[in-house]
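Here the structure comes first, spelled out in structure tokens, and everything after it is commentary.
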Amino acid sequence: MGWIMGFSELKEKLASKIEACFFYRNAEGEEAQKKAKRNVLIASAVGACAVAAVSMVLLAMSCAYSDVTEVAGEDRVYVRIKPGMGSSEIGELLEQEGVIDSQAKFWLAVKLNNAESKFQAGVFELQPGMRPGDALNVLIHGRSSAVRVTVPEGLNVRQVAKLFAEQGLADEKEFLAEAKDFAPYDYIEAVPEADYRIEGFLFPDTYDFANDATPREIMQKMADEFDRKLTPEMRQQAADCNLSIYELVNLASLVEKEARYPEDRPIIAQVFFKRLEINMPLQTDTTLQYLRDEVKEDLSIEDTLVESPYNTYLHYGLPPGPIASPGMASIEAVLYPAATDYLYFVADREGHNHYGYTYGEHLGLVDQVR
């Protein structure tokens with residue numbers, strides 16, 4: 001409290017000097033006016049020192065350690081601190097994420113608290129507008145938090161494994177090895193020709209995972225979310241359509257990969273149903289793309305001759321298993337397809353599909369849009 005008492009005395013002296021300064025023009029005699037002018041300079045200097053002192057005190061207070069180890073409120077910012085990151089890099093990251101207003105203040109907080117070598121690696125839960133000292137304390141003494149990962153619709157298992165590897169959550173090879181035979185629910189059928197048994201059932205959504213989550217725990221959480229989202233009404237509708245849940249997801253994965261726009265999903269689903277009904281090959285390029293490491297914009301005739309159970313140009317019916325994780329919109333499109341009789345569709349360069357009833361009509365559309 002000593003600095004507070006000193007500041008009070010300084011304030012009183014400053015006030016008296018300023019009061020005298022305001023009336024220096026009315027002072028009697030040349031000597032009195034010179035003295036009053038000196039008081040102006042002194043008051044200005046004292047005022048500047050007082051402002052600087054108060055600013056330094058407030059800055060020091062904002063940079064001091066606190067007892068904050070976890071944040072309150074609804075706003076959350078998840079920040080990943082990687083091994084070897086220094087205070088400047090961390091401060092820059094915190095400022096970019098809006099956690100603090102100045103990386104310079106954070107750097108000062110680190111120096112004042114001799115905390116350069118005390119950072120933990122991991123993901124921490126912070127919030128916007130924190131004091132540098134509070135943010136520092138969470139990073140030093142708080143527990144690393146969950147890793148938030150958004151898995152978009154339409155990724156296959158290989159892409160999901162890569163995504164989690166990039167987030168530092170899982171080893172890609174270990175993830176794929178676990179995915180090979182992982183099936184936490186009975187409706188995930190064991191099909192020998194399928195590359196990954198869990199394919200299609202890693203529901204696309206935003207998740208929070210513990211830093212030390214295993215590949216099995218990650219996949220279990222995503223499969224649980226699929227099971228939760230698939231309501232009893234949807235399961236009954238699948239049964240009414242003579243579809244097993246595995247077949248439902250298989251078909252929905254094809255729709256997911258073929259449709260870029262919402263209006264196309266139920267029509268494409270109808271085309272696939274119609275082809276299956278008349279024992280016509282599905283001939284969907286998406287199953288050929290599944291065999292490739294990188295997407296090829298235009299597949300060739302040679303590509304359609306590749307021998308694989310996933311090649312729906314050579315093999316009738318559905319592929320051995322899903323080729324991606326469909327979102328709910330594609331699943332619903334399969335459950336409630338459009339009431340049309342199209343047999344063909346082709347996408348233009350913008351991804352909009354054009355539909356035809358006959359092969360001749362289809363060839364005309366291909367020439368038109370490609």
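Going by the structure tokens order, chains are called A, B, ..., each with residues numbered from 1, while ligands are numbered from 1 in the order shown.
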- [ ] Output as a ChimeraX atom specification all residues of region 49-269 of chain A that backbone DSSP marks as helix (DSSP H, G or I).
- [x] /A:49-63,87-96,103-112,132-141,157-166,172-179,215-229,232-240,245-258,262-269
Task: DSSP-assigned strand (DSSP E or B) among region 169-292 of chain A, expressed as a ChimeraX atom specification - done: /A:206-209
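Using only C-alpha atoms, the nearest neighbour of Ala329 (chain A) within the list A:Asp171, A:Glu233, A:Glu153, A:Asp181 is A:Glu153.
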Task: Two-atom distance - CA of Asn211 (chain A), CA of Leu169 (chain A) (Å) - done: 6.4 Å
Using only C-alpha atoms, what table do you get, as a tab-separated table, when you list each residue of region 173-236 of chain A with an atom no more than 8 Å from region 160-166 of chain A, its nearest pair of atoms, and their distance in Å rounded to one decimal, rows by chain then rising number?
residue	atom	partner	partner_atom	distance
A:Lys173	CA	A:Ala161	CA	7.9
A:Phe175	CA	A:Ala161	CA	5.8
A:Leu176	CA	A:Ala161	CA	6.5
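One finds CA of Val346 (chain A) at 27.6 Å from CA of Ile245 (chain A).
When only C-alpha atoms are used to measure the gap to Ile81 (chain A), the shortest distance among A:Ala194, A:Val138, A:Gln103, A:Gly133 belongs to A:Val138.
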Open item on the list: Under the rule that only C-alpha atoms are counted, which of A:Pro83, A:Ile90, A:Met280, A:Asp341 is the nearest residue to His315 (chain A)?
Closed with: A:Met280
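Here CA of Glu174 (chain A) and CA of Met219 (chain A) stand 12.1 Å from one another.
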TODO: Select, from A:Val79, A:Ala170, A:Ala177, A:Met130, the residue with the minimum atom-to-atom distance to Ser144 (chain A), counting only C-alpha atoms.
DONE: A:Val79
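Closest approach to Arg228 (chain A) among A:Lys257, A:Asp348, A:Leu276, A:Met328: A:Met328, based on only C-alpha atoms.
Compared by their closest atoms to Pro337 (chain A), and using only C-alpha atoms, the residues A:Tyr246, A:Phe272, A:Tyr290, A:Tyr357 rank with A:Phe272 nearest.
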Open item on the list: When you look at His352 (chain A) with a cut-off of 9 Å (counting only C-alpha atoms), what residues show up, excluding the ones that are within fewer than 4 positions of it in the same chain? I need them as a ChimeraX atom specification.
Closed with: /A:259-261,264,346-348
Put those residues in a file: all heavy atoms, as a PDB file, in the first residue's frame.
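Output saved as result_14.pdb:
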ATOM      1  N   ALA A 259     -22.896 -34.928 -54.696  1.00  0.00           N
ATOM      2  CA  ALA A 259     -23.709 -33.705 -54.648  1.00  0.00           C
ATOM      3  C   ALA A 259     -22.954 -32.565 -53.978  1.00  0.00           C
ATOM      4  O   ALA A 259     -22.513 -32.691 -52.837  1.00  0.00           O
ATOM      5  CB  ALA A 259     -25.018 -33.972 -53.915  1.00  0.00           C
ATOM      6  N   ARG A 260     -22.819 -31.465 -54.698  1.00  0.00           N
ATOM      7  CA  ARG A 260     -22.231 -30.276 -54.102  1.00  0.00           C
ATOM      8  C   ARG A 260     -23.310 -29.348 -53.552  1.00  0.00           C
ATOM      9  O   ARG A 260     -23.064 -28.578 -52.622  1.00  0.00           O
ATOM     10  CB  ARG A 260     -21.384 -29.526 -55.134  1.00  0.00           C
ATOM     11  CG  ARG A 260     -20.650 -28.326 -54.560  1.00  0.00           C
ATOM     12  CD  ARG A 260     -19.838 -27.589 -55.606  1.00  0.00           C
ATOM     13  NE  ARG A 260     -18.807 -28.419 -56.217  1.00  0.00           N
ATOM     14  CZ  ARG A 260     -17.950 -27.971 -57.128  1.00  0.00           C
ATOM     15  NH1 ARG A 260     -18.022 -26.705 -57.559  1.00  0.00           N
ATOM     16  NH2 ARG A 260     -17.042 -28.792 -57.629  1.00  0.00           N
ATOM     17  N   TYR A 261     -24.510 -29.420 -54.115  1.00  0.00           N
ATOM     18  CA  TYR A 261     -25.591 -28.518 -53.723  1.00  0.00           C
ATOM     19  C   TYR A 261     -26.753 -29.310 -53.130  1.00  0.00           C
ATOM     20  O   TYR A 261     -27.063 -30.424 -53.581  1.00  0.00           O
ATOM     21  CB  TYR A 261     -26.054 -27.691 -54.921  1.00  0.00           C
ATOM     22  CG  TYR A 261     -24.954 -26.813 -55.473  1.00  0.00           C
ATOM     23  CD1 TYR A 261     -24.204 -27.227 -56.580  1.00  0.00           C
ATOM     24  CD2 TYR A 261     -24.639 -25.601 -54.874  1.00  0.00           C
ATOM     25  CE1 TYR A 261     -23.175 -26.442 -57.078  1.00  0.00           C
ATOM     26  CE2 TYR A 261     -23.610 -24.805 -55.364  1.00  0.00           C
ATOM     27  CZ  TYR A 261     -22.880 -25.224 -56.454  1.00  0.00           C
ATOM     28  OH  TYR A 261     -21.855 -24.446 -56.937  1.00  0.00           O
ATOM     29  N   ASP A 264     -29.527 -31.190 -55.152  1.00  0.00           N
ATOM     30  CA  ASP A 264     -29.167 -32.357 -55.955  1.00  0.00           C
ATOM     31  C   ASP A 264     -29.220 -33.666 -55.174  1.00  0.00           C
ATOM     32  O   ASP A 264     -29.351 -34.743 -55.776  1.00  0.00           O
ATOM     33  CB  ASP A 264     -27.756 -32.185 -56.531  1.00  0.00           C
ATOM     34  CG  ASP A 264     -27.713 -31.171 -57.664  1.00  0.00           C
ATOM     35  OD1 ASP A 264     -28.637 -31.175 -58.486  1.00  0.00           O
ATOM     36  OD2 ASP A 264     -26.752 -30.377 -57.712  1.00  0.00           O
ATOM     37  N   VAL A 346     -24.976 -35.612 -64.802  1.00  0.00           N
ATOM     38  CA  VAL A 346     -23.603 -35.167 -65.022  1.00  0.00           C
ATOM     39  C   VAL A 346     -23.456 -33.775 -64.419  1.00  0.00           C
ATOM     40  O   VAL A 346     -24.360 -32.943 -64.527  1.00  0.00           O
ATOM     41  CB  VAL A 346     -23.251 -35.148 -66.534  1.00  0.00           C
ATOM     42  CG1 VAL A 346     -24.170 -34.217 -67.312  1.00  0.00           C
ATOM     43  CG2 VAL A 346     -21.785 -34.755 -66.730  1.00  0.00           C
ATOM     44  N   ALA A 347     -22.335 -33.545 -63.771  1.00  0.00           N
ATOM     45  CA  ALA A 347     -22.090 -32.259 -63.119  1.00  0.00           C
ATOM     46  C   ALA A 347     -21.321 -31.335 -64.053  1.00  0.00           C
ATOM     47  O   ALA A 347     -20.409 -31.766 -64.777  1.00  0.00           O
ATOM     48  CB  ALA A 347     -21.313 -32.464 -61.834  1.00  0.00           C
ATOM     49  N   ASP A 348     -21.701 -30.063 -64.060  1.00  0.00           N
ATOM     50  CA  ASP A 348     -20.935 -29.079 -64.826  1.00  0.00           C
ATOM     51  C   ASP A 348     -19.738 -28.616 -64.005  1.00  0.00           C
ATOM     52  O   ASP A 348     -19.504 -29.107 -62.897  1.00  0.00           O
ATOM     53  CB  ASP A 348     -21.828 -27.904 -65.264  1.00  0.00           C
ATOM     54  CG  ASP A 348     -22.462 -27.173 -64.079  1.00  0.00           C
ATOM     55  OD1 ASP A 348     -21.859 -27.146 -62.986  1.00  0.00           O
ATOM     56  OD2 ASP A 348     -23.569 -26.620 -64.248  1.00  0.00           O
TER      57      ASP A 348
END
- [ ] Tell me, as a VMD selection string, which residues lie within 12 Å of Tyr310 (chain A), counting only C-alpha atoms; anything in the same chain fewer than 3 positions away does not count.
- [x] chain A and resid 193 to 195 250 254 281 to 292 304 to 307 313 to 323
Residue selection dump (N, CA and C atoms) as a CSV table (one decimal), in the first residue's frame:
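Writing the result to result.csv gives the following:
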chain,number,residue,atom,x,y,z
A,193,GLU,N,-14.2,-57.3,-48.3
A,193,GLU,CA,-13.6,-56.5,-49.3
A,193,GLU,C,-13.5,-55.0,-48.9
A,194,ALA,N,-14.2,-54.6,-47.9
A,194,ALA,CA,-14.1,-53.2,-47.4
A,194,ALA,C,-12.8,-52.8,-46.9
A,195,ASP,N,-12.2,-51.7,-47.2
A,195,ASP,CA,-10.9,-51.3,-46.8
A,195,ASP,C,-10.9,-51.0,-45.2
A,250,ASN,N,-23.9,-46.5,-46.8
A,250,ASN,CA,-23.2,-46.8,-48.1
A,250,ASN,C,-23.7,-45.9,-49.2
A,254,LEU,N,-22.2,-42.2,-51.2
A,254,LEU,CA,-22.1,-41.9,-52.6
A,254,LEU,C,-22.8,-40.6,-52.9
A,281,PRO,N,-25.5,-50.9,-63.6
A,281,PRO,CA,-24.3,-50.5,-62.8
A,281,PRO,C,-24.5,-49.0,-62.3
A,282,LEU,N,-24.0,-48.7,-61.1
A,282,LEU,CA,-24.1,-47.4,-60.6
A,282,LEU,C,-23.2,-46.4,-61.3
A,283,GLN,N,-22.1,-46.9,-61.8
A,283,GLN,CA,-21.1,-46.1,-62.6
A,283,GLN,C,-20.9,-44.7,-62.0
A,284,THR,N,-20.6,-44.7,-60.7
A,284,THR,CA,-20.3,-43.4,-60.1
A,284,THR,C,-18.8,-43.2,-60.0
A,285,ASP,N,-18.3,-42.1,-60.5
A,285,ASP,CA,-16.9,-41.8,-60.4
A,285,ASP,C,-16.3,-41.7,-59.0
A,286,THR,N,-17.2,-41.4,-58.1
A,286,THR,CA,-16.7,-41.3,-56.7
A,286,THR,C,-16.1,-42.5,-56.1
A,287,THR,N,-16.6,-43.7,-56.6
A,287,THR,CA,-16.0,-44.9,-56.1
A,287,THR,C,-14.6,-45.2,-56.7
A,288,LEU,N,-14.4,-44.6,-57.9
A,288,LEU,CA,-13.0,-44.7,-58.5
A,288,LEU,C,-12.1,-43.7,-57.8
A,289,GLN,N,-12.6,-42.6,-57.4
A,289,GLN,CA,-11.8,-41.6,-56.7
A,289,GLN,C,-11.4,-42.1,-55.4
A,290,TYR,N,-12.2,-43.0,-54.8
A,290,TYR,CA,-11.9,-43.5,-53.5
A,290,TYR,C,-10.6,-44.4,-53.5
A,291,LEU,N,-10.3,-44.9,-54.7
A,291,LEU,CA,-9.2,-45.8,-54.9
A,291,LEU,C,-7.9,-45.0,-55.0
A,292,ARG,N,-8.0,-43.7,-55.2
A,292,ARG,CA,-6.9,-42.8,-55.5
A,292,ARG,C,-6.5,-42.0,-54.2
A,304,THR,N,-11.8,-46.4,-65.6
A,304,THR,CA,-13.0,-47.2,-65.3
A,304,THR,C,-12.8,-48.7,-65.5
A,305,LEU,N,-11.6,-49.1,-65.9
A,305,LEU,CA,-11.2,-50.5,-66.1
A,305,LEU,C,-10.4,-51.0,-65.0
A,306,VAL,N,-10.1,-50.2,-64.0
A,306,VAL,CA,-9.3,-50.7,-62.9
A,306,VAL,C,-10.0,-51.8,-62.1
A,307,GLU,N,-9.4,-52.9,-61.9
A,307,GLU,CA,-10.0,-54.0,-61.2
A,307,GLU,C,-10.0,-53.7,-59.7
A,313,TYR,N,-18.2,-49.3,-62.2
A,313,TYR,CA,-18.4,-49.5,-63.6
A,313,TYR,C,-18.3,-50.9,-64.0
A,314,LEU,N,-17.5,-51.7,-63.3
A,314,LEU,CA,-17.3,-53.1,-63.6
A,314,LEU,C,-18.2,-54.0,-62.7
A,315,HIS,N,-18.6,-53.6,-61.5
A,315,HIS,CA,-19.3,-54.4,-60.6
A,315,HIS,C,-20.7,-53.8,-60.3
A,316,TYR,N,-21.7,-54.7,-60.3
A,316,TYR,CA,-23.1,-54.2,-60.1
A,316,TYR,C,-23.3,-54.0,-58.6
A,317,GLY,N,-24.3,-53.2,-58.3
A,317,GLY,CA,-24.7,-53.1,-56.9
A,317,GLY,C,-23.9,-52.0,-56.2
A,318,LEU,N,-24.0,-52.0,-54.9
A,318,LEU,CA,-23.3,-51.0,-54.0
A,318,LEU,C,-21.8,-51.5,-53.9
A,319,PRO,N,-20.9,-50.5,-53.7
A,319,PRO,CA,-19.5,-50.9,-53.4
A,319,PRO,C,-19.5,-51.7,-52.1
A,320,PRO,N,-18.4,-52.3,-51.7
A,320,PRO,CA,-18.3,-53.2,-50.5
A,320,PRO,C,-18.7,-52.5,-49.3
A,321,GLY,N,-18.4,-51.2,-49.2
A,321,GLY,CA,-18.8,-50.4,-48.0
A,321,GLY,C,-18.8,-48.9,-48.4
A,322,PRO,N,-19.2,-48.1,-47.4
A,322,PRO,CA,-19.2,-46.6,-47.6
A,322,PRO,C,-17.8,-46.1,-48.1
A,323,ILE,N,-17.8,-45.0,-48.8
A,323,ILE,CA,-16.6,-44.4,-49.3
A,323,ILE,C,-16.2,-43.1,-48.6
Write out as an mmCIF file with all heavy atoms, in the first residue's frame each polymer residue whose atoms come within 8 Å of Leu155 (chain A), counting only C-alpha atoms; drop sequence neighbours fewer than 4 positions from it.
data_model
loop_
_atom_site.group_PDB
_atom_site.id
_atom_site.type_symbol
_atom_site.label_atom_id
_atom_site.label_comp_id
_atom_site.auth_asym_id
_atom_site.auth_seq_id
_atom_site.Cartn_x
_atom_site.Cartn_y
_atom_site.Cartn_z
ATOM 1 N N VAL A 151 -14.603 -31.975 -38.177
ATOM 2 C CA VAL A 151 -14.486 -32.972 -39.241
ATOM 3 C C VAL A 151 -15.584 -32.684 -40.260
ATOM 4 O O VAL A 151 -16.766 -32.862 -39.962
ATOM 5 C CB VAL A 151 -14.628 -34.401 -38.684
ATOM 6 C CG1 VAL A 151 -14.487 -35.424 -39.799
ATOM 7 C CG2 VAL A 151 -13.605 -34.657 -37.578
ATOM 8 N N GLN A 159 -8.506 -39.653 -44.873
ATOM 9 C CA GLN A 159 -8.467 -38.199 -44.699
ATOM 10 C C GLN A 159 -8.706 -37.805 -43.243
ATOM 11 O O GLN A 159 -8.100 -36.855 -42.741
ATOM 12 C CB GLN A 159 -9.516 -37.553 -45.608
ATOM 13 C CG GLN A 159 -9.198 -37.708 -47.083
ATOM 14 C CD GLN A 159 -10.372 -37.350 -47.983
ATOM 15 O OE1 GLN A 159 -11.538 -37.604 -47.647
ATOM 16 N NE2 GLN A 159 -10.085 -36.752 -49.129
ATOM 17 N N VAL A 160 -9.571 -38.534 -42.563
ATOM 18 C CA VAL A 160 -9.808 -38.266 -41.140
ATOM 19 C C VAL A 160 -8.539 -38.543 -40.341
ATOM 20 O O VAL A 160 -8.157 -37.768 -39.444
ATOM 21 C CB VAL A 160 -10.978 -39.122 -40.607
ATOM 22 C CG1 VAL A 160 -11.099 -38.987 -39.094
ATOM 23 C CG2 VAL A 160 -12.284 -38.700 -41.271
ATOM 24 N N ALA A 324 -17.061 -42.713 -47.645
ATOM 25 C CA ALA A 324 -16.846 -41.454 -46.914
ATOM 26 C C ALA A 324 -17.869 -41.381 -45.787
ATOM 27 O O ALA A 324 -18.791 -42.202 -45.708
ATOM 28 C CB ALA A 324 -16.999 -40.250 -47.844
ATOM 29 N N SER A 325 -17.709 -40.391 -44.946
ATOM 30 C CA SER A 325 -18.676 -40.161 -43.865
ATOM 31 C C SER A 325 -19.713 -39.148 -44.331
ATOM 32 O O SER A 325 -19.393 -37.965 -44.507
ATOM 33 C CB SER A 325 -17.962 -39.630 -42.615
ATOM 34 O OG SER A 325 -17.120 -40.610 -42.069
#
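Residues in contact with Ala252 (chain A) at up to 7 Å, not including ones fewer than 4 positions away on its chain and judged by only C-alpha atoms, are A:Leu248, A:Glu256, A:Pro326, A:Ser330, A:Ile331, A:Val334.
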Those selected residues, please, written with C-alpha atoms and delivered as a PDB file, in the first residue's frame.
ATOM      1  CA  LEU A 248     -28.150 -46.633 -45.871  1.00  0.00           C
ATOM      2  CA  GLU A 256     -22.392 -37.043 -50.260  1.00  0.00           C
ATOM      3  CA  PRO A 326     -21.978 -38.643 -45.021  1.00  0.00           C
ATOM      4  CA  SER A 330     -27.223 -36.975 -47.496  1.00  0.00           C
ATOM      5  CA  ILE A 331     -28.608 -39.635 -45.161  1.00  0.00           C
ATOM      6  CA  VAL A 334     -31.499 -41.522 -49.225  1.00  0.00           C
TER       7      VAL A 334
END
